[in-house]
>>> print(open('data-v5.cif').read())   # mmCIF, C-alpha atoms and all ligand atoms
data_input
loop_
_atom_site.label_atom_id
_atom_site.label_comp_id
_atom_site.auth_asym_id
_atom_site.auth_seq_id
_atom_site.Cartn_x
_atom_site.Cartn_y
_atom_site.Cartn_z
CA MET A 1346 42.40 116.32 87.65
CA ALA A 1347 44.24 113.01 88.11
CA VAL A 1348 44.46 111.90 91.74
CA GLN A 1349 48.05 111.13 92.68
CA GLN A 1350 48.42 107.77 94.37
CA ALA A 1351 50.87 107.52 97.28
CA PRO A 1352 53.70 105.21 96.17
CA VAL A 1353 53.62 101.79 97.81
CA VAL A 1354 56.59 101.46 100.16
CA ASP A 1355 58.03 97.99 100.63
CA GLN A 1356 59.00 97.95 104.34
CA ASP A 1357 61.69 95.30 103.82
CA LYS A 1358 63.33 97.34 101.07
CA LEU A 1359 63.10 100.47 103.23
CA MET A 1360 64.79 98.72 106.17
CA ALA A 1361 67.47 97.29 103.90
CA PHE A 1362 68.19 100.75 102.47
CA LEU A 1363 68.31 102.35 105.94
CA GLY A 1364 70.71 99.60 107.01
CA GLN A 1365 72.94 100.51 104.06
CA VAL A 1366 72.73 104.20 104.87
CA ILE A 1367 73.67 103.79 108.54
CA GLY A 1368 76.79 101.94 107.39
CA GLU A 1369 77.58 104.83 105.09
CA LEU A 1370 77.01 107.37 107.88
CA GLY A 1371 79.55 105.60 110.07
CA ALA A 1372 81.96 105.37 107.14
CA THR A 1373 81.57 109.06 106.33
CA VAL A 1374 82.47 110.21 109.84
CA ASN A 1375 85.15 107.53 110.16
CA ALA A 1376 86.90 109.17 107.19
CA GLY A 1377 87.92 111.94 109.63
CA LEU A 1378 89.14 109.35 112.15
CA ILE A 1379 91.23 107.63 109.46
CA VAL A 1380 92.92 110.97 108.73
CA ILE A 1381 93.58 111.48 112.46
CA GLY A 1382 94.94 107.95 112.80
CA ASP A 1383 97.15 108.51 109.77
CA LYS A 1384 98.45 111.94 110.80
CA LEU A 1385 99.06 111.02 114.48
CA GLY A 1386 100.71 107.70 113.59
CA LEU A 1387 98.10 105.63 115.46
CA TYR A 1388 97.87 102.91 112.80
CA ARG A 1389 101.65 102.86 112.45
CA ALA A 1390 102.06 102.46 116.23
CA MET A 1391 99.62 99.53 116.19
CA ALA A 1392 101.14 97.78 113.17
CA GLY A 1393 102.87 94.61 114.32
CA ALA A 1394 102.43 95.63 118.00
CA GLY A 1395 100.00 92.81 118.82
CA PRO A 1396 97.04 93.34 121.17
CA ILE A 1397 97.33 96.74 122.85
CA THR A 1398 95.31 98.73 125.42
CA SER A 1399 94.14 102.28 124.88
CA SER A 1400 96.59 103.49 127.56
CA GLU A 1401 99.51 101.74 125.89
CA LEU A 1402 98.62 103.22 122.51
CA ALA A 1403 98.22 106.68 124.04
CA ASP A 1404 101.64 106.37 125.74
CA LYS A 1405 103.28 105.16 122.53
CA THR A 1406 101.91 108.03 120.46
CA GLY A 1407 101.95 110.88 123.00
CA THR A 1408 98.17 111.26 122.81
CA ALA A 1409 95.31 111.51 125.33
CA GLU A 1410 93.94 108.11 126.45
CA ARG A 1411 90.28 109.15 126.53
CA TYR A 1412 90.36 110.21 122.87
CA ILE A 1413 92.32 107.10 121.92
CA ARG A 1414 89.76 104.83 123.63
CA GLU A 1415 86.91 106.46 121.71
CA TRP A 1416 88.91 106.25 118.44
CA LEU A 1417 89.72 102.57 119.05
CA ASN A 1418 86.05 101.78 119.73
CA ALA A 1419 85.06 103.43 116.45
CA GLN A 1420 87.81 101.47 114.65
CA ALA A 1421 86.63 98.21 116.27
CA ALA A 1422 82.97 98.85 115.38
CA GLY A 1423 84.02 99.36 111.76
CA GLY A 1424 86.21 96.25 111.57
CA PHE A 1425 89.42 98.25 111.21
CA VAL A 1426 90.79 96.74 114.46
CA THR A 1427 89.76 93.73 116.53
CA TYR A 1428 88.71 93.98 120.19
CA ASP A 1429 89.06 91.36 122.94
CA PRO A 1430 86.55 92.16 125.72
CA ALA A 1431 88.35 89.84 128.19
CA THR A 1432 91.61 91.83 128.05
CA LYS A 1433 90.23 95.15 126.71
CA ARG A 1434 92.97 95.00 124.08
CA TYR A 1435 92.75 96.10 120.47
CA GLU A 1436 94.76 94.76 117.54
CA LEU A 1437 95.37 96.01 114.00
CA PRO A 1438 95.30 92.91 111.72
CA ALA A 1439 98.18 92.55 109.22
CA GLU A 1440 95.91 93.28 106.23
CA GLN A 1441 94.56 96.50 107.77
CA ALA A 1442 98.14 97.47 108.69
CA MET A 1443 99.15 97.09 105.05
CA ALA A 1444 96.31 99.39 103.93
CA LEU A 1445 96.53 101.95 106.74
CA ALA A 1446 100.05 101.97 108.19
CA ASP A 1447 102.45 101.32 105.33
CA GLU A 1448 102.78 104.37 103.06
CA ASN A 1449 104.81 102.31 100.56
CA SER A 1450 102.43 99.39 100.24
CA PRO A 1451 100.44 99.14 96.99
CA ALA A 1452 97.31 98.78 99.17
CA PHE A 1453 97.86 102.05 101.13
CA VAL A 1454 94.63 104.08 101.43
CA GLY A 1455 95.59 106.81 103.92
CA GLY A 1456 96.02 109.35 101.12
CA ALA A 1457 92.55 108.59 99.77
CA PHE A 1458 90.99 109.83 102.99
CA GLU A 1459 93.23 112.90 103.21
CA LEU A 1460 92.02 113.66 99.69
CA ALA A 1461 88.36 112.91 100.46
CA THR A 1462 88.13 114.99 103.64
CA ALA A 1463 89.96 117.95 102.04
CA THR A 1464 87.71 117.66 98.99
CA LEU A 1465 84.59 118.02 101.12
CA LYS A 1466 85.75 121.40 102.44
CA SER A 1467 84.58 122.77 99.07
CA ILE A 1468 80.92 121.77 99.63
CA PRO A 1469 79.64 125.38 99.93
CA HIS A 1470 81.39 126.39 96.69
CA ILE A 1471 80.38 123.32 94.71
CA GLN A 1472 76.80 123.59 96.00
CA GLU A 1473 76.73 127.11 94.55
CA SER A 1474 78.27 125.84 91.29
CA PHE A 1475 75.42 123.35 90.91
CA LYS A 1476 73.12 126.39 90.58
CA THR A 1477 75.35 128.71 88.54
CA GLY A 1478 77.23 126.15 86.44
CA ALA A 1479 80.48 127.95 87.32
CA GLY A 1480 83.75 126.06 87.59
CA PHE A 1481 86.00 125.70 90.64
CA GLY A 1482 89.70 125.33 89.92
CA TRP A 1483 92.15 122.89 91.40
CA HIS A 1484 93.99 125.87 92.96
CA GLU A 1485 90.84 127.03 94.77
CA HIS A 1486 90.59 123.88 96.88
CA ASP A 1487 92.17 123.22 100.27
CA LEU A 1488 95.84 122.25 99.76
CA GLY A 1489 95.02 118.84 101.29
CA VAL A 1490 93.37 118.02 97.95
CA SER A 1491 96.78 118.28 96.25
CA THR A 1492 98.80 116.57 98.99
CA GLY A 1493 96.14 113.88 99.49
CA CYS A 1494 95.89 113.31 95.75
CA GLU A 1495 99.61 112.65 95.55
CA ARG A 1496 99.44 110.11 98.38
CA PHE A 1497 96.28 108.56 96.88
CA PHE A 1498 97.80 107.89 93.47
CA ARG A 1499 101.44 107.21 94.48
CA PRO A 1500 100.90 103.55 95.60
CA GLY A 1501 99.44 102.71 92.19
CA TYR A 1502 102.28 104.44 90.34
CA ASN A 1503 104.86 102.69 92.59
CA ALA A 1504 103.29 99.35 91.76
CA ASN A 1505 102.81 99.82 88.01
CA LEU A 1506 104.62 102.69 86.32
CA VAL A 1507 108.18 101.37 85.98
CA SER A 1508 107.37 97.64 86.12
CA THR A 1509 104.42 97.55 83.71
CA TRP A 1510 103.21 100.79 82.10
CA ILE A 1511 106.52 102.04 80.65
CA PRO A 1512 107.53 98.58 79.33
CA ALA A 1513 104.13 98.35 77.61
CA LEU A 1514 104.99 101.38 75.44
CA ASP A 1515 106.65 100.76 72.09
CA GLY A 1516 110.43 101.28 72.48
CA VAL A 1517 110.18 103.84 75.31
CA GLU A 1518 111.88 101.93 78.13
CA GLU A 1519 115.09 101.59 76.11
CA LYS A 1520 115.10 105.32 75.27
CA LEU A 1521 114.65 106.18 78.95
CA ARG A 1522 117.51 103.91 79.99
CA VAL A 1523 119.90 105.46 77.46
CA GLY A 1524 118.76 109.01 78.22
CA ALA A 1525 115.53 110.62 77.04
CA THR A 1526 113.76 113.94 77.58
CA VAL A 1527 110.42 113.70 79.31
CA ALA A 1528 107.65 116.19 80.12
CA ASP A 1529 105.31 115.05 82.91
CA VAL A 1530 102.34 117.37 82.36
CA GLY A 1531 99.74 118.04 85.07
CA CYS A 1532 102.25 116.44 87.45
CA GLY A 1533 100.81 117.79 90.72
CA LEU A 1534 103.35 117.06 93.46
CA GLY A 1535 105.37 114.97 91.00
CA ALA A 1536 105.04 111.41 92.34
CA SER A 1537 105.25 110.01 88.81
CA SER A 1538 108.10 112.40 87.86
CA ARG A 1539 110.19 111.28 90.84
CA LEU A 1540 109.62 107.61 90.07
CA MET A 1541 110.84 108.07 86.49
CA ALA A 1542 113.84 110.15 87.66
CA GLN A 1543 114.81 107.40 90.11
CA ALA A 1544 114.38 104.57 87.60
CA TYR A 1545 116.06 106.27 84.62
CA PRO A 1546 118.93 108.41 85.96
CA LYS A 1547 120.26 109.23 82.47
CA SER A 1548 116.97 110.83 81.42
CA HIS A 1549 115.95 114.44 81.99
CA ILE A 1550 112.45 114.94 83.29
CA THR A 1551 110.50 118.17 83.71
CA GLY A 1552 107.22 118.20 85.58
CA PHE A 1553 104.68 120.89 84.66
CA ASP A 1554 101.48 121.89 86.40
CA TYR A 1555 99.49 125.11 86.32
CA HIS A 1556 99.13 124.99 90.14
CA LYS A 1557 102.06 126.87 91.72
CA GLU A 1558 101.66 125.43 95.24
CA SER A 1559 101.85 121.88 93.86
CA ILE A 1560 104.99 122.74 91.86
CA ASP A 1561 106.63 124.32 94.95
CA LEU A 1562 106.00 121.11 96.91
CA ALA A 1563 107.20 118.98 93.97
CA LYS A 1564 110.50 120.93 93.89
CA GLN A 1565 110.98 120.41 97.64
CA LYS A 1566 110.41 116.65 97.32
CA ALA A 1567 112.85 116.36 94.41
CA ARG A 1568 115.50 118.20 96.46
CA THR A 1569 114.89 116.01 99.52
CA GLU A 1570 115.26 112.87 97.42
CA GLY A 1571 118.46 114.14 95.75
CA LEU A 1572 116.98 114.13 92.25
CA SER A 1573 117.39 117.80 91.33
CA ASP A 1574 120.20 117.10 88.82
CA ARG A 1575 117.81 115.30 86.46
CA LEU A 1576 114.37 116.40 87.60
CA LYS A 1577 113.02 119.96 87.26
CA PHE A 1578 109.60 121.43 87.83
CA ASP A 1579 107.96 124.47 86.31
CA VAL A 1580 104.59 126.18 86.50
CA ALA A 1581 102.91 125.84 83.08
CA PRO A 1582 99.50 124.85 81.74
CA ALA A 1583 99.22 121.79 79.52
CA GLN A 1584 98.27 123.95 76.52
CA LYS A 1585 101.52 125.97 76.76
CA PHE A 1586 104.31 124.03 78.47
CA PRO A 1587 107.73 124.92 77.04
CA GLY A 1588 110.10 122.77 75.00
CA THR A 1589 110.01 120.60 71.89
CA GLY A 1590 111.54 117.31 70.77
CA TYR A 1591 110.42 115.39 73.85
CA ASP A 1592 110.83 111.62 73.59
CA LEU A 1593 108.02 111.09 76.04
CA VAL A 1594 105.17 113.24 77.35
CA THR A 1595 103.18 111.80 80.24
CA MET A 1596 99.85 112.77 81.79
CA PHE A 1597 98.75 110.98 84.92
CA ASP A 1598 95.12 111.31 85.99
CA CYS A 1599 94.81 114.85 84.71
CA LEU A 1600 93.76 115.00 81.01
CA HIS A 1601 90.07 114.85 81.95
CA ASP A 1602 90.60 117.67 84.52
CA MET A 1603 91.61 120.09 81.79
CA GLY A 1604 89.23 122.62 80.26
CA ASP A 1605 90.65 122.14 76.79
CA PRO A 1606 92.04 118.60 76.51
CA VAL A 1607 92.03 118.78 72.71
CA GLY A 1608 94.10 122.00 72.85
CA ALA A 1609 96.44 120.30 75.33
CA ALA A 1610 96.68 117.26 73.04
CA ARG A 1611 97.56 119.49 70.06
CA HIS A 1612 100.26 121.14 72.14
CA VAL A 1613 101.65 117.73 73.16
CA ARG A 1614 101.76 116.70 69.49
CA GLN A 1615 103.90 119.68 68.46
CA ALA A 1616 106.12 119.27 71.57
CA LEU A 1617 106.93 115.62 70.84
CA ALA A 1618 109.82 114.38 68.71
CA PRO A 1619 108.54 112.87 65.43
CA ASP A 1620 108.89 109.35 66.92
CA GLY A 1621 107.89 110.44 70.41
CA THR A 1622 105.21 108.90 72.64
CA TRP A 1623 102.44 110.30 74.77
CA LEU A 1624 101.55 108.16 77.81
CA ILE A 1625 98.07 108.91 79.14
CA VAL A 1626 96.90 107.43 82.43
CA GLU A 1627 93.23 107.98 83.21
CA PRO A 1628 90.79 106.70 85.84
CA ILE A 1629 89.33 103.33 84.87
CA ALA A 1630 85.90 103.77 83.29
CA GLY A 1631 83.62 102.19 80.75
CA ASP A 1632 82.15 104.23 77.91
CA SER A 1633 78.57 104.10 79.24
CA VAL A 1634 77.13 105.20 82.58
CA GLU A 1635 75.83 101.71 83.31
CA GLN A 1636 79.33 100.25 83.00
CA ASN A 1637 80.47 102.55 85.82
CA LEU A 1638 77.76 101.78 88.36
CA ASN A 1639 80.12 99.94 90.70
CA PRO A 1640 82.13 100.92 93.83
CA VAL A 1641 85.11 102.35 91.91
CA GLY A 1642 82.82 104.24 89.51
CA ARG A 1643 80.88 105.58 92.47
CA ALA A 1644 84.02 106.95 94.15
CA TYR A 1645 85.23 108.48 90.88
CA TYR A 1646 81.86 110.05 90.02
CA ALA A 1647 81.80 111.56 93.53
CA PHE A 1648 85.33 112.98 93.25
CA SER A 1649 84.46 114.16 89.77
CA ASN A 1650 81.57 116.23 91.13
CA PHE A 1651 83.89 118.12 93.47
CA LEU A 1652 87.23 118.10 91.62
CA CYS A 1653 87.44 117.01 87.98
CA THR A 1654 84.27 118.49 86.47
CA PRO A 1655 84.53 121.90 88.24
CA SER A 1656 88.26 122.02 87.39
CA SER A 1657 87.55 121.64 83.69
CA LEU A 1658 84.63 124.08 83.81
CA SER A 1659 86.91 126.69 85.43
CA GLN A 1660 89.18 126.73 82.37
CA ASP A 1661 88.83 127.87 78.74
CA VAL A 1662 86.56 125.63 76.63
CA GLY A 1663 85.30 123.72 79.70
CA LEU A 1664 84.82 120.38 77.94
CA ALA A 1665 84.23 118.70 81.32
CA LEU A 1666 84.95 115.09 80.37
CA GLY A 1667 84.57 114.05 84.02
CA ALA A 1668 86.57 111.35 85.78
CA GLN A 1669 84.56 108.59 84.08
CA ALA A 1670 85.28 109.66 80.53
CA GLY A 1671 86.08 106.16 79.24
CA GLN A 1672 88.26 105.04 76.34
CA LYS A 1673 86.08 106.30 73.48
CA LYS A 1674 86.07 109.93 74.66
CA ILE A 1675 89.83 109.88 75.30
CA HIS A 1676 90.36 108.36 71.84
CA ASP A 1677 88.28 111.17 70.30
CA VAL A 1678 90.30 113.86 72.10
CA VAL A 1679 93.60 112.33 71.01
CA THR A 1680 92.65 111.82 67.36
CA ALA A 1681 91.02 115.28 67.12
CA ALA A 1682 94.48 116.66 67.92
CA GLY A 1683 96.03 114.82 64.98
CA PHE A 1684 97.56 111.75 66.62
CA THR A 1685 97.36 108.85 64.18
CA ARG A 1686 97.97 105.97 66.58
CA PHE A 1687 96.12 105.32 69.84
CA ARG A 1688 95.90 102.12 71.85
CA LYS A 1689 95.18 100.91 75.35
CA VAL A 1690 98.35 99.43 76.84
CA GLY A 1691 97.32 98.66 80.40
CA GLU A 1692 94.61 98.43 82.98
CA THR A 1693 94.50 98.21 86.79
CA PRO A 1694 91.48 98.24 89.12
CA PHE A 1695 91.80 102.05 89.19
CA ASN A 1696 93.40 103.13 85.91
CA LEU A 1697 93.36 102.78 82.14
CA VAL A 1698 96.66 103.36 80.37
CA TYR A 1699 96.96 104.58 76.77
CA GLU A 1700 99.75 105.17 74.27
CA ALA A 1701 99.33 107.91 71.63
CA ARG A 1702 101.82 108.53 68.83
CA PRO A 1703 101.97 111.25 66.14
C1 LIG A 1801 94.11 114.55 89.81
S1 LIG A 1801 95.48 115.63 89.85
C2 LIG A 1801 96.79 114.58 89.32
C3 LIG A 1801 98.13 115.10 89.68
C4 LIG A 1801 99.30 114.18 89.36
N1 LIG A 1801 99.42 113.94 87.93
C5 LIG A 1801 99.18 112.86 90.09
O1 LIG A 1801 98.90 111.86 89.45
O2 LIG A 1801 99.36 112.83 91.33
C6 LIG A 1801 95.17 116.69 88.45
C7 LIG A 1801 96.25 117.72 88.23
O3 LIG A 1801 95.97 118.38 86.98
C8 LIG A 1801 96.37 119.72 87.12
N2 LIG A 1801 95.75 120.49 86.05
C9 LIG A 1801 94.44 120.74 85.84
N3 LIG A 1801 94.28 121.45 84.73
C10 LIG A 1801 95.51 121.67 84.21
C11 LIG A 1801 95.98 122.34 83.04
N4 LIG A 1801 95.16 122.92 82.18
N5 LIG A 1801 97.31 122.36 82.83
C12 LIG A 1801 98.17 121.76 83.68
N6 LIG A 1801 97.78 121.12 84.81
C13 LIG A 1801 96.45 121.06 85.05
C14 LIG A 1801 95.93 120.08 88.53
O4 LIG A 1801 96.58 121.24 89.02
C15 LIG A 1801 96.31 118.80 89.28
O5 LIG A 1801 97.63 118.88 89.79
#
>>> encode(input="data-v5.cif", output="structure tokens")
Amino acid sequence: MAVQQAPVVDQDKLMAFLGQVIGELGATVNAGLIVIGDKLGLYRAMAGAGPITSSELADKTGTAERYIREWLNAQAAGGFVTYDPATKRYELPAEQAMALADENSPAFVGGAFELATATLKSIPHIQESFKTGAGFGWHEHDLGVSTGCERFFRPGYNANLVSTWIPALDGVEEKLRVGATVADVGCGLGASSRLMAQAYPKSHITGFDYHKESIDLAKQKARTEGLSDRLKFDVAPAQKFPGTGYDLVTMFDCLHDMGDPVGAARHVRQALAPDGTWLIVEPIAGDSVEQNLNPVGRAYYAFSNFLCTPSSLSQDVGLALGAQAGQKKIHDVVTAAGFTRFRKVGETPFNLVYEARP
């Protein structure tokens, strides 16, 4: 019998890895503190306030000083705020304020942590799915997954959808200005639908999602923003949403979540006007695993384990493209459904943008 040799451990590499892991441990727990800071308005109260003591921040936000002091120390240790030992004052730098305190900034990350912490509530279910291979639908997650997802993606849509992605489509911007019909499929809470309704008031937009709770929240938001005359929402799966003759069908970060993306693509094709356009926004990804071994790919593969892959596996067909599908797989889905034209029309650090035409 062959004698197994103990692997040689390089102590320097071990220490380097443990150093990395301790940073990740702090970051993991700090995710909860980011959510608390976001929900209680702690970052917002610090933004532009200059150096501040824990008592002042507690007074400003109606919170308990002892908790605030501990929270501030964690933020200072992580480089989220600065600390001056001479004055015992903490300050939120302008760059951190942009990322943590300004919901409308393109750099806002508060929603990402609402999404991440809500996602992790499904650990027991997903752990079981690893053994059984069963799916776990979007609707089975904590609602914070849906609300956090909307806040996670909205800054990117605000920054790109109307200024860059729509103009990159062949002839679509003009149609929307004059008055077009649009189906925003897999719309979630409808961040993209609301943006289009605001930018193109003569167009009629309907957002569809199979998840009723998301659609209820989307309707509320449209009412609050005074858009209900031109923006409707309805519960419907991508394979069966009602209506035909659409000038534009959009799918934002959801095609890969579907069990039967080819079936959905076929349905989009028959729902489009003959010269209509399908806008597909997907997470940025290369075609091969090795192209995605970077920080963005890591975050998307992790979310994909909990959200995208189980979502697809919970539905008919269960193709399970995953969040890192890449252009080639999306191209194959689109052309399998009979679309004759497919091209990439945009790219951001987080998204790839495609145009498909019948
Ligand atoms: C990552 S979220 C994106 C939501 C929204 N488009 C956005 O960008 O904020 C994926 C969405 O796809 C929806 N979804 C998954 N499978 C679907 C299907 N077969 N038909 C319609 N919607 C679906 C989920 O309910 C969820 O709202």
>>> closest_residue(input="data-v5.cif", among="A:Pro1628, A:Pro1640, A:Pro1512, A:Pro1703", to="Ala1668 of chain A", atoms="all atoms listed in the file")
A:Pro1628
>>> closest_residue(input="data-v5.cif", among="A:Glu1692, A:Asp1554, A:Glu1518, A:Asp1404", to="Leu1600 of chain A", atoms="all atoms listed in the file")
A:Asp1554
>>> atom_distance(input="data-v5.cif", atom1="atom CA of Leu1387 of chain A", atom2="atom CA of Ala1442 of chain A")
10.6 Å
>>> residues_near_point(input="data-v5.cif", point="(103.4, 103.2, 85.7)", cutoff="12 Å", atoms="only C-alpha atoms", output="ChimeraX atom specification")
/A:1498-1514,1518,1536-1541,1544,1595-1598,1624-1627,1690-1693,1696-1699
>>> write_last_selection(input="data-v5.cif", atoms="C-alpha atoms", output="mmCIF file, in the frame of the given file")
data_model
loop_
_atom_site.group_PDB
_atom_site.id
_atom_site.type_symbol
_atom_site.label_atom_id
_atom_site.label_comp_id
_atom_site.auth_asym_id
_atom_site.auth_seq_id
_atom_site.Cartn_x
_atom_site.Cartn_y
_atom_site.Cartn_z
ATOM 1 C CA PHE A 1498 97.800 107.890 93.470
ATOM 2 C CA ARG A 1499 101.440 107.210 94.480
ATOM 3 C CA PRO A 1500 100.900 103.550 95.600
ATOM 4 C CA GLY A 1501 99.440 102.710 92.190
ATOM 5 C CA TYR A 1502 102.280 104.440 90.340
ATOM 6 C CA ASN A 1503 104.860 102.690 92.590
ATOM 7 C CA ALA A 1504 103.290 99.350 91.760
ATOM 8 C CA ASN A 1505 102.810 99.820 88.010
ATOM 9 C CA LEU A 1506 104.620 102.690 86.320
ATOM 10 C CA VAL A 1507 108.180 101.370 85.980
ATOM 11 C CA SER A 1508 107.370 97.640 86.120
ATOM 12 C CA THR A 1509 104.420 97.550 83.710
ATOM 13 C CA TRP A 1510 103.210 100.790 82.100
ATOM 14 C CA ILE A 1511 106.520 102.040 80.650
ATOM 15 C CA PRO A 1512 107.530 98.580 79.330
ATOM 16 C CA ALA A 1513 104.130 98.350 77.610
ATOM 17 C CA LEU A 1514 104.990 101.380 75.440
ATOM 18 C CA GLU A 1518 111.880 101.930 78.130
ATOM 19 C CA ALA A 1536 105.040 111.410 92.340
ATOM 20 C CA SER A 1537 105.250 110.010 88.810
ATOM 21 C CA SER A 1538 108.100 112.400 87.860
ATOM 22 C CA ARG A 1539 110.190 111.280 90.840
ATOM 23 C CA LEU A 1540 109.620 107.610 90.070
ATOM 24 C CA MET A 1541 110.840 108.070 86.490
ATOM 25 C CA ALA A 1544 114.380 104.570 87.600
ATOM 26 C CA THR A 1595 103.180 111.800 80.240
ATOM 27 C CA MET A 1596 99.850 112.770 81.790
ATOM 28 C CA PHE A 1597 98.750 110.980 84.920
ATOM 29 C CA ASP A 1598 95.120 111.310 85.990
ATOM 30 C CA LEU A 1624 101.550 108.160 77.810
ATOM 31 C CA ILE A 1625 98.070 108.910 79.140
ATOM 32 C CA VAL A 1626 96.900 107.430 82.430
ATOM 33 C CA GLU A 1627 93.230 107.980 83.210
ATOM 34 C CA VAL A 1690 98.350 99.430 76.840
ATOM 35 C CA GLY A 1691 97.320 98.660 80.400
ATOM 36 C CA GLU A 1692 94.610 98.430 82.980
ATOM 37 C CA THR A 1693 94.500 98.210 86.790
ATOM 38 C CA ASN A 1696 93.400 103.130 85.910
ATOM 39 C CA LEU A 1697 93.360 102.780 82.140
ATOM 40 C CA VAL A 1698 96.660 103.360 80.370
ATOM 41 C CA TYR A 1699 96.960 104.580 76.770
#
>>> residues_near_ligand(input="data-v5.cif", ligand="ligand LIG 1801 (chain A)", cutoff="6 Å", atoms="only C-alpha atoms and all ligand atoms", output="PDB file with C-alpha atoms, in the coordinates of the input")
ATOM      1  CA  TRP A1483      92.150 122.890  91.400  1.00  0.00           C
ATOM      2  CA  CYS A1494      95.890 113.310  95.750  1.00  0.00           C
ATOM      3  CA  GLU A1495      99.610 112.650  95.550  1.00  0.00           C
ATOM      4  CA  PHE A1498      97.800 107.890  93.470  1.00  0.00           C
ATOM      5  CA  GLY A1531      99.740 118.040  85.070  1.00  0.00           C
ATOM      6  CA  CYS A1532     102.250 116.440  87.450  1.00  0.00           C
ATOM      7  CA  GLY A1533     100.810 117.790  90.720  1.00  0.00           C
ATOM      8  CA  ALA A1536     105.040 111.410  92.340  1.00  0.00           C
ATOM      9  CA  ASP A1554     101.480 121.890  86.400  1.00  0.00           C
ATOM     10  CA  TYR A1555      99.490 125.110  86.320  1.00  0.00           C
ATOM     11  CA  HIS A1556      99.130 124.990  90.140  1.00  0.00           C
ATOM     12  CA  PRO A1582      99.500 124.850  81.740  1.00  0.00           C
ATOM     13  CA  ALA A1583      99.220 121.790  79.520  1.00  0.00           C
ATOM     14  CA  PHE A1597      98.750 110.980  84.920  1.00  0.00           C
ATOM     15  CA  ASP A1598      95.120 111.310  85.990  1.00  0.00           C
ATOM     16  CA  CYS A1599      94.810 114.850  84.710  1.00  0.00           C
ATOM     17  CA  ASP A1602      90.600 117.670  84.520  1.00  0.00           C
ATOM     18  CA  MET A1603      91.610 120.090  81.790  1.00  0.00           C
TER      19      MET A1603
END
>>> residues_around(input="data-v5.cif", residues="Asp1605 of chain A", least_positions_apart="3", cutoff="12 Å", atoms="all atoms listed in the file", output="compact mmCIF listing (two decimals) with C-alpha atoms, keeping the file's coordinate frame")
# COMPACT_ATOMS: atom_id res chain seq x y z
CA PRO A 1582 99.50 124.85 81.74
CA ALA A 1583 99.22 121.79 79.52
CA GLN A 1584 98.27 123.95 76.52
CA LYS A 1585 101.52 125.97 76.76
CA CYS A 1599 94.81 114.85 84.71
CA LEU A 1600 93.76 115.00 81.01
CA HIS A 1601 90.07 114.85 81.95
CA ASP A 1602 90.60 117.67 84.52
CA GLY A 1608 94.10 122.00 72.85
CA ALA A 1609 96.44 120.30 75.33
CA ALA A 1610 96.68 117.26 73.04
CA ARG A 1611 97.56 119.49 70.06
CA HIS A 1612 100.26 121.14 72.14
CA SER A 1656 88.26 122.02 87.39
CA SER A 1657 87.55 121.64 83.69
CA LEU A 1658 84.63 124.08 83.81
CA SER A 1659 86.91 126.69 85.43
CA GLN A 1660 89.18 126.73 82.37
CA ASP A 1661 88.83 127.87 78.74
CA VAL A 1662 86.56 125.63 76.63
CA GLY A 1663 85.30 123.72 79.70
CA LEU A 1664 84.82 120.38 77.94
CA ALA A 1665 84.23 118.70 81.32
CA LEU A 1666 84.95 115.09 80.37
CA VAL A 1678 90.30 113.86 72.10
CA VAL A 1679 93.60 112.33 71.01
CA ALA A 1681 91.02 115.28 67.12
CA ALA A 1682 94.48 116.66 67.92
>>> residues_around(input="data-v5.cif", residues="Tyr1545 of chain A", least_positions_apart="4", cutoff="8 Å", atoms="only C-alpha atoms", output="list in words")
Leu1521, Arg1522, Gly1524 and Met1541 of chain A
>>> atom_distance(input="data-v5.cif", atom1="atom CA of Arg1496 of chain A", atom2="atom CA of Asp1447 of chain A")
11.6 Å
>>> atom_distance(input="data-v5.cif", atom1="atom CA of Lys1405 of chain A", atom2="atom CA of Phe1425 of chain A")
19.2 Å
>>> closest_residue(input="data-v5.cif", among="A:Val1353, A:Ala1372, A:Met1360, A:Ile1560", to="Phe1458 of chain A", atoms="only C-alpha atoms")
A:Ala1372
>>> closest_residue(input="data-v5.cif", among="A:Gly1642, A:Gly1516, A:Thr1551, A:Gly1671", to="Glu1700 of chain A", atoms="only C-alpha atoms")
A:Gly1516
>>> closest_residue(input="data-v5.cif", among="A:Phe1651, A:Tyr1388, A:Phe1695, A:Tyr1645", to="Leu1445 of chain A", atoms="all atoms listed in the file")
A:Tyr1388
>>> closest_residue(input="data-v5.cif", among="A:Ala1644, A:Val1517, A:Ala1390, A:Ala1563", to="Leu1460 of chain A", atoms="only C-alpha atoms")
A:Ala1644
>>> axis_aligned_box(input="data-v5.cif", around="segment 1393-1406 of chain A", padding_each_side="6 Å", output="lines of an AutoDock Vina configuration file")
center_x = 98.7
center_y = 100.4
center_z = 120.9
size_x = 21.1
size_y = 27.2
size_z = 25.2
>>> residues_around(input="data-v5.cif", residues="Ala1394 of chain A", least_positions_apart="2", cutoff="12 Å", atoms="only C-alpha atoms", output="short mmCIF file (atom, residue, chain, number, x, y, z; two decimals) with C-alpha atoms, in the frame of the given file")
data_model
loop_
_atom_site.label_atom_id
_atom_site.label_comp_id
_atom_site.auth_asym_id
_atom_site.auth_seq_id
_atom_site.Cartn_x
_atom_site.Cartn_y
_atom_site.Cartn_z
CA LEU A 1387 98.10 105.63 115.46
CA TYR A 1388 97.87 102.91 112.80
CA ARG A 1389 101.65 102.86 112.45
CA ALA A 1390 102.06 102.46 116.23
CA MET A 1391 99.62 99.53 116.19
CA ALA A 1392 101.14 97.78 113.17
CA PRO A 1396 97.04 93.34 121.17
CA ILE A 1397 97.33 96.74 122.85
CA THR A 1398 95.31 98.73 125.42
CA GLU A 1401 99.51 101.74 125.89
CA LEU A 1402 98.62 103.22 122.51
CA LYS A 1405 103.28 105.16 122.53
CA ARG A 1434 92.97 95.00 124.08
CA TYR A 1435 92.75 96.10 120.47
CA GLU A 1436 94.76 94.76 117.54
CA LEU A 1437 95.37 96.01 114.00
CA PRO A 1438 95.30 92.91 111.72
CA ALA A 1439 98.18 92.55 109.22
CA ALA A 1442 98.14 97.47 108.69
CA ALA A 1446 100.05 101.97 108.19
#
